[in-house]
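Okay, my_file_23.txt is below, compact mmCIF, C-alpha atoms:
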# COMPACT_ATOMS: atom_id res chain seq x y z
CA MET Y 1 103.05 76.29 -20.05
CA GLU Y 2 106.36 74.75 -21.00
CA ASP Y 3 106.57 73.06 -17.61
CA LEU Y 4 103.09 71.55 -18.06
CA LYS Y 5 103.97 70.34 -21.56
CA LYS Y 6 107.15 68.74 -20.26
CA ARG Y 7 105.28 66.88 -17.50
CA LEU Y 8 102.67 65.62 -19.96
CA THR Y 9 105.18 64.31 -22.49
CA GLN Y 10 107.67 62.67 -20.12
CA PRO Y 11 107.29 58.92 -19.38
CA SER Y 12 104.95 58.09 -16.53
CA ILE Y 13 105.77 55.89 -13.58
CA GLU Y 14 103.48 53.16 -14.96
CA SER Y 15 105.23 53.16 -18.34
CA LYS Y 16 108.62 52.90 -16.62
CA GLN Y 17 107.36 49.98 -14.54
CA GLU Y 18 106.03 48.27 -17.68
CA TRP Y 19 109.35 48.78 -19.47
CA PHE Y 20 111.24 47.38 -16.47
CA GLY Y 21 108.91 44.37 -16.31
CA LYS Y 22 109.43 43.65 -20.02
CA LEU Y 23 113.19 43.93 -19.57
CA ILE Y 24 113.16 41.40 -16.70
CA SER Y 25 110.95 39.04 -18.73
CA TYR Y 26 113.19 39.23 -21.81
CA LEU Y 27 116.32 38.66 -19.72
CA ALA Y 28 114.70 35.60 -18.08
CA MET Y 29 113.70 34.24 -21.50
CA ILE Y 30 117.23 34.76 -22.83
CA LEU Y 31 118.73 33.08 -19.74
CA ILE Y 32 116.44 30.04 -19.94
CA GLY Y 33 116.87 29.74 -23.70
CA GLY Y 34 120.63 30.02 -23.34
CA LEU Y 35 120.76 27.31 -20.67
CA VAL Y 36 118.62 24.97 -22.77
CA GLY Y 37 120.79 25.66 -25.81
CA ILE Y 38 123.99 24.99 -23.85
CA ILE Y 39 122.60 21.69 -22.55
CA LEU Y 40 121.56 20.61 -26.03
CA ILE Y 41 124.92 21.51 -27.54
CA PHE Y 42 126.86 19.86 -24.71
CA LEU Y 43 124.90 16.60 -24.86
CA THR Y 44 125.08 16.52 -28.64
CA LEU Y 45 128.86 17.01 -28.70
CA LYS Y 46 129.41 14.41 -25.98
CA GLY Y 47 126.91 12.01 -27.54
CA ILE Y 48 128.53 11.96 -30.98
CA ALA Y 49 132.05 11.53 -29.57
CA LEU Y 50 131.69 7.74 -29.64
CA PHE Y 51 130.99 7.81 -33.37
CA LYS Y 52 133.43 10.59 -34.21
CA ASP Y 53 136.44 9.77 -32.03
CA ASN Y 54 136.12 6.04 -31.36
CA GLY Y 55 134.97 4.91 -34.80
CA VAL Y 56 131.77 3.15 -33.69
CA GLY Y 57 129.09 3.12 -36.38
CA VAL Y 58 125.75 4.73 -35.58
CA TRP Y 59 123.76 1.81 -36.98
CA HIS Y 60 125.93 -0.71 -35.16
CA PHE Y 61 125.35 1.20 -31.93
CA LEU Y 62 121.58 1.38 -32.39
CA SER Y 63 121.07 -2.18 -33.66
CA GLY Y 64 123.77 -4.08 -31.77
CA THR Y 65 122.67 -6.46 -29.01
CA ASP Y 66 125.98 -6.91 -27.18
CA TRP Y 67 126.71 -4.28 -24.52
CA GLN Y 68 130.16 -4.86 -23.01
CA PRO Y 69 132.04 -1.57 -22.89
CA SER Y 70 135.08 -3.23 -21.29
CA HIS Y 71 135.39 -5.38 -24.44
CA HIS Y 72 134.54 -2.50 -26.80
CA HIS Y 73 131.09 -3.86 -27.63
CA TYR Y 74 128.52 -1.07 -27.73
CA GLY Y 75 125.13 -2.43 -28.72
CA ALA Y 76 122.35 -0.26 -27.28
CA LEU Y 77 119.37 -2.14 -28.74
CA PRO Y 78 118.56 -4.14 -25.54
CA MET Y 79 118.26 -0.95 -23.47
CA ILE Y 80 116.22 0.82 -26.16
CA VAL Y 81 113.80 -2.11 -26.46
CA THR Y 82 113.43 -2.42 -22.70
CA SER Y 83 112.90 1.32 -22.21
CA PHE Y 84 110.10 1.36 -24.77
CA SER Y 85 108.63 -1.88 -23.39
CA VAL Y 86 108.25 -0.70 -19.79
CA THR Y 87 107.07 2.74 -20.96
CA VAL Y 88 104.36 1.43 -23.27
CA LEU Y 89 103.19 -1.27 -20.85
CA SER Y 90 102.92 1.13 -17.92
CA GLY Y 91 101.09 3.66 -20.09
CA ILE Y 92 98.63 1.06 -21.40
CA ILE Y 93 97.82 -0.09 -17.86
CA ALA Y 94 97.64 3.39 -16.32
CA LEU Y 95 95.46 5.09 -18.95
CA PRO Y 96 92.22 3.06 -18.43
CA LEU Y 97 92.48 3.39 -14.65
CA ALA Y 98 93.16 7.12 -14.92
CA LEU Y 99 90.07 7.46 -17.13
CA ILE Y 100 87.91 5.48 -14.69
CA VAL Y 101 89.04 7.52 -11.68
CA ALA Y 102 88.68 10.82 -13.54
CA ILE Y 103 85.17 9.94 -14.75
CA ALA Y 104 84.10 8.90 -11.26
CA ILE Y 105 85.45 12.08 -9.66
CA THR Y 106 84.16 14.56 -12.24
CA GLU Y 107 80.89 12.99 -13.37
CA MET Y 108 79.57 10.71 -10.64
CA LEU Y 109 80.82 11.62 -7.19
CA PRO Y 110 79.88 14.79 -5.28
CA GLU Y 111 82.05 17.88 -5.62
CA ARG Y 112 83.31 17.58 -2.04
CA VAL Y 113 84.90 14.23 -2.95
CA TYR Y 114 87.03 16.01 -5.56
CA GLN Y 115 88.05 18.59 -2.95
CA TYR Y 116 89.34 15.81 -0.69
CA LEU Y 117 90.93 13.62 -3.38
CA GLN Y 118 92.69 16.33 -5.38
CA PRO Y 119 95.27 17.14 -2.64
CA LEU Y 120 95.85 13.41 -2.18
CA ILE Y 121 96.49 12.91 -5.90
CA GLU Y 122 98.87 15.88 -5.96
CA LEU Y 123 100.68 14.43 -2.95
CA LEU Y 124 101.17 11.15 -4.80
CA VAL Y 125 102.55 13.07 -7.79
CA GLY Y 126 105.18 14.70 -5.59
CA ILE Y 127 106.46 11.55 -3.87
CA PRO Y 128 110.17 11.00 -4.74
CA SER Y 129 110.89 8.19 -7.16
CA VAL Y 130 113.20 6.45 -4.68
CA VAL Y 131 110.17 5.85 -2.45
CA TYR Y 132 108.35 4.08 -5.29
CA GLY Y 133 111.50 2.11 -6.01
CA TYR Y 134 111.79 1.05 -2.38
CA LEU Y 135 108.15 -0.04 -2.35
CA GLY Y 136 108.79 -2.04 -5.50
CA LEU Y 137 111.90 -3.61 -4.01
CA THR Y 138 110.26 -4.61 -0.73
CA ILE Y 139 106.70 -5.44 -1.86
CA ILE Y 140 106.35 -5.96 -5.62
CA VAL Y 141 109.55 -7.93 -6.28
CA PRO Y 142 108.98 -10.45 -3.41
CA TYR Y 143 105.35 -10.88 -4.48
CA LEU Y 144 106.29 -11.55 -8.10
CA ARG Y 145 108.99 -13.94 -6.94
CA GLN Y 146 106.44 -15.85 -4.89
CA VAL Y 147 103.82 -15.98 -7.66
CA PHE Y 148 105.92 -16.49 -10.80
CA GLY Y 149 109.20 -17.78 -9.39
CA GLY Y 150 112.64 -16.61 -10.37
CA THR Y 151 114.25 -13.55 -8.85
CA GLY Y 152 111.22 -11.27 -9.13
CA PHE Y 153 113.31 -8.63 -10.89
CA GLY Y 154 112.48 -7.77 -14.47
CA ILE Y 155 110.23 -5.87 -16.85
CA LEU Y 156 107.03 -6.74 -14.98
CA ALA Y 157 108.35 -5.34 -11.71
CA ALA Y 158 109.56 -2.17 -13.46
CA THR Y 159 106.19 -1.83 -15.21
CA CYS Y 160 104.33 -2.08 -11.90
CA VAL Y 161 106.53 0.58 -10.30
CA LEU Y 162 106.22 2.94 -13.26
CA PHE Y 163 102.47 2.37 -13.35
CA LEU Y 164 102.23 3.50 -9.72
CA MET Y 165 104.39 6.53 -10.49
CA ILE Y 166 102.57 7.83 -13.56
CA LEU Y 167 99.00 6.98 -12.52
CA PRO Y 168 98.58 10.05 -10.24
CA THR Y 169 100.00 12.35 -12.92
CA MET Y 170 97.77 10.97 -15.66
CA THR Y 171 94.75 11.00 -13.36
CA SER Y 172 95.27 14.63 -12.35
CA MET Y 173 95.68 15.78 -15.96
CA THR Y 174 92.68 13.73 -17.11
CA ILE Y 175 90.52 15.26 -14.37
CA ASP Y 176 91.54 18.74 -15.51
CA SER Y 177 90.64 17.81 -19.10
CA PHE Y 178 87.17 16.58 -18.10
CA ARG Y 179 86.51 19.62 -15.94
CA ALA Y 180 87.48 21.86 -18.86
CA VAL Y 181 84.59 20.50 -20.95
CA PRO Y 182 81.87 23.21 -20.90
CA GLN Y 183 78.89 22.45 -18.68
CA LYS Y 184 76.53 23.34 -21.51
CA TYR Y 185 77.68 20.22 -23.38
CA ARG Y 186 76.38 18.07 -20.53
CA GLN Y 187 73.14 20.03 -20.29
CA ALA Y 188 72.51 19.77 -24.02
CA SER Y 189 73.12 16.02 -24.00
CA ILE Y 190 70.79 15.45 -21.08
CA GLY Y 191 68.21 17.72 -22.71
CA LEU Y 192 68.23 15.47 -25.76
CA GLY Y 193 67.39 12.48 -23.58
CA ALA Y 194 70.84 10.91 -23.28
CA THR Y 195 71.68 8.87 -20.21
CA ARG Y 196 74.62 9.70 -17.98
CA TRP Y 197 76.77 6.99 -19.57
CA GLN Y 198 75.85 8.14 -23.08
CA THR Y 199 76.80 11.69 -22.13
CA ILE Y 200 80.13 10.51 -20.75
CA SER Y 201 81.02 8.18 -23.60
CA ARG Y 202 79.74 10.24 -26.55
CA VAL Y 203 80.16 13.83 -25.40
CA ILE Y 204 82.62 14.30 -22.54
CA ILE Y 205 85.35 11.80 -23.50
CA PRO Y 206 85.42 12.85 -27.20
CA SER Y 207 85.53 16.52 -26.16
CA ALA Y 208 88.43 15.88 -23.78
CA LYS Y 209 90.29 13.33 -25.92
CA ASN Y 210 93.16 15.68 -26.76
CA GLY Y 211 93.71 16.46 -23.09
CA VAL Y 212 93.59 12.75 -22.28
CA LEU Y 213 96.13 12.08 -25.03
CA THR Y 214 98.39 14.78 -23.60
CA ALA Y 215 98.10 13.19 -20.16
CA MET Y 216 99.08 9.81 -21.59
CA VAL Y 217 102.08 11.22 -23.46
CA PHE Y 218 103.19 13.20 -20.41
CA GLY Y 219 102.95 10.11 -18.20
CA MET Y 220 104.85 7.98 -20.69
CA ALA Y 221 107.53 10.68 -20.99
CA ARG Y 222 108.01 10.53 -17.24
CA ALA Y 223 108.15 6.75 -17.33
CA PHE Y 224 110.70 6.76 -20.17
CA GLY Y 225 113.04 9.08 -18.28
CA GLU Y 226 112.75 7.47 -14.86
CA ALA Y 227 116.05 6.09 -13.58
CA LEU Y 228 116.36 5.28 -9.89
CA ALA Y 229 113.06 3.48 -9.29
CA VAL Y 230 113.52 1.34 -12.40
CA GLN Y 231 117.12 0.53 -11.55
CA MET Y 232 116.06 -0.84 -8.16
CA VAL Y 233 113.65 -3.46 -9.57
CA ILE Y 234 114.56 -4.32 -13.17
CA GLY Y 235 117.64 -6.47 -12.56
CA ASN Y 236 120.11 -4.44 -14.68
CA THR Y 237 121.05 -7.14 -17.19
CA THR Y 238 121.91 -5.70 -20.61
CA VAL Y 239 120.22 -8.32 -22.77
CA ILE Y 240 117.07 -8.28 -24.87
CA PRO Y 241 114.37 -9.69 -22.58
CA LYS Y 242 112.49 -12.79 -23.67
CA GLY Y 243 109.70 -12.43 -21.13
CA LEU Y 244 108.20 -10.10 -18.58
CA MET Y 245 110.01 -11.83 -15.71
CA GLU Y 246 113.43 -11.65 -17.36
CA SER Y 247 115.99 -9.27 -15.88
CA SER Y 248 116.89 -6.43 -18.21
CA ALA Y 249 118.09 -2.83 -18.23
CA THR Y 250 116.83 0.49 -19.54
CA LEU Y 251 118.77 3.43 -20.92
CA THR Y 252 118.44 5.29 -17.63
CA SER Y 253 119.42 2.34 -15.42
CA VAL Y 254 122.59 1.73 -17.44
CA LEU Y 255 123.45 5.42 -17.22
CA THR Y 256 123.01 5.61 -13.45
CA THR Y 257 125.01 2.43 -12.79
CA GLY Y 258 127.82 3.14 -15.25
CA ILE Y 259 128.47 6.88 -15.26
CA GLY Y 260 130.36 6.78 -11.97
CA ASN Y 261 132.52 3.83 -12.99
CA THR Y 262 134.03 5.23 -16.19
CA VAL Y 263 136.78 7.75 -16.91
CA MET Y 264 135.84 10.91 -18.76
CA GLY Y 265 136.95 10.82 -22.39
CA THR Y 266 137.22 7.04 -22.70
CA ALA Y 267 135.14 5.04 -25.16
CA SER Y 268 133.10 3.53 -22.33
CA ASN Y 269 132.24 6.99 -21.04
CA ASN Y 270 131.44 8.25 -24.53
CA ALA Y 271 129.05 5.32 -25.00
CA LEU Y 272 127.11 6.41 -21.93
CA TRP Y 273 126.87 9.94 -23.30
CA SER Y 274 125.50 8.45 -26.52
CA LEU Y 275 122.78 6.75 -24.48
CA ALA Y 276 122.06 10.12 -22.87
CA LEU Y 277 121.73 11.63 -26.35
CA ILE Y 278 119.13 8.99 -27.24
CA LEU Y 279 117.21 9.94 -24.09
CA LEU Y 280 117.39 13.59 -25.07
CA VAL Y 281 116.04 12.89 -28.55
CA MET Y 282 113.19 10.83 -27.14
CA SER Y 283 112.37 13.53 -24.57
CA LEU Y 284 112.17 16.08 -27.37
CA ALA Y 285 109.92 13.70 -29.30
CA PHE Y 286 107.58 13.35 -26.30
CA ASN Y 287 107.48 17.14 -25.87
CA LEU Y 288 106.67 17.54 -29.55
CA LEU Y 289 103.81 15.06 -29.24
CA MET Y 290 102.44 16.97 -26.24
CA ARG Y 291 102.57 20.26 -28.15
CA LEU Y 292 100.82 18.71 -31.13
CA SER Y 293 98.12 17.30 -28.86
CA SER Y 294 97.64 20.69 -27.20
CA LYS Y 295 97.36 22.46 -30.54
CA LYS Y 296 94.78 19.98 -31.81
CA GLY Y 297 92.84 20.43 -28.60
CA ALA Y 298 92.89 24.23 -28.95
CA ARG Y 299 91.40 23.93 -32.44
Step by step, read the file and then write its structure as structure tokens.
Amino acid sequence: MEDLKKRLTQPSIESKQEWFGKLISYLAMILIGGLVGIILIFLTLKGIALFKDNGVGVWHFLSGTDWQPSHHHYGALPMIVTSFSVTVLSGIIALPLALIVAIAITEMLPERVYQYLQPLIELLVGIPSVVYGYLGLTIIVPYLRQVFGGTGFGILAATCVLFLMILPTMTSMTIDSFRAVPQKYRQASIGLGATRWQTISRVIIPSAKNGVLTAMVFGMARAFGEALAVQMVIGNTTVIPKGLMESSATLTSVLTTGIGNTVMGTASNNALWSLALILLVMSLAFNLLMRLSSKKGAR
């Protein structure tokens, strides 16, 4: 009797497996959270070194237009303006096309078309950025030079490259948002006598608008943080651009070109870390926007 009672009260194999699984999950969460925290702390400490150790004012850094680290001029406004310019322009161009492709695939074309196109879209998402940059350097820049004159390098070339990069991502996420709309919504709309276009414009798109917004923010976040492809086609001139064909530089392009040419601990190196801190803050802002969009969509 005592032996039976002992066997019944002792932990089962399943409960031990569940406890072990929870332990592994908690350890993984702690590890990932610790790594993220270390990165945040490290970038923050390195990013504020320019203001703390070298006496550069935060407002002067953010609003200054003269970027010459060798002459102790640290004005980051041209890179900030250019980064937002190419990000917003590429997002504005990519969103309508992503919507058109997603509507065609989910609402108009046969299901087998989606089965063929989805792997292709995912393949385009996974192409390395250097490939897009090389295409921009060999095709887009010469074409713009021939059409508009000048060098061909500038904001327009960077916008075209970023548009090609984020379009597959935005299209894939928009397709998922449209496919997540319940089929009964479509059936109810058609049952009330609505046409296909009325169903798409007044039922499906409004129902999926939060997912579409998330796709746009995600694509723009990728565009804002892109470095190599933009560096290859933008011209890398640290001035506020006066036109789409003017050479300029983004936060990421300045970082990639300058980080290997400075000495750790110098003011020039600290200025680059400050630019990295701006990128970190903007990445967190994009992630916050995506979470807010997802929460609104869940409601």
Please determine the residues with any atom at most 10 Å from (118.7, 8.3, -26.8) (coordinates as given in the file, with all atoms listed in the file counting) and report them as a PyMOL selection string. chain Y and resi 47+62+76+79-80+251-252+272-283
Checklist entry - Any idea what the distance is between CA of Ile121 (chain Y) and CA of Thr171 (chain Y)? => result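 Answer for the CA of Ile121 (chain Y) to CA of Thr171 (chain Y) separation: 7.9 Å.
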Margin query: Just the number, please: distance in Å from CA of Leu124 (chain Y) to CA of Gln183 (chain Y), one decimal.
Written below: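 According to the coordinates, CA of Leu124 (chain Y) and CA of Gln183 (chain Y) are separated by 28.6 Å.
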- Residue nearest Met232 (chain Y) among Y:Thr138, Y:Ser83, Y:Asn261, Y:Thr174 (counting all atoms listed in the file):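 Ranked by minimum distance to Met232 (chain Y), first place goes to Y:Thr138.
CA of Met220 (chain Y) to CA of Ser207 (chain Y) spans 21.8 Å [interatomic distance, one decimal].
With distances taken over all atoms listed in the file, Y:Ser129 is the one residue among Y:Ser15, Y:Ser172, Y:Thr82, Y:Ser129 lying closest to Arg222 (chain Y).
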From the list Y:Gly64, Y:Gly91, Y:Gly149, Y:Pro168, the nearest residue to Met245 (chain Y) using only C-alpha atoms is Y:Gly149
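With distances taken over all atoms listed in the file, Y:Ile175 is the one residue among Y:Met170, Y:Thr214, Y:Met290, Y:Ile175 lying closest to Glu107 (chain Y).
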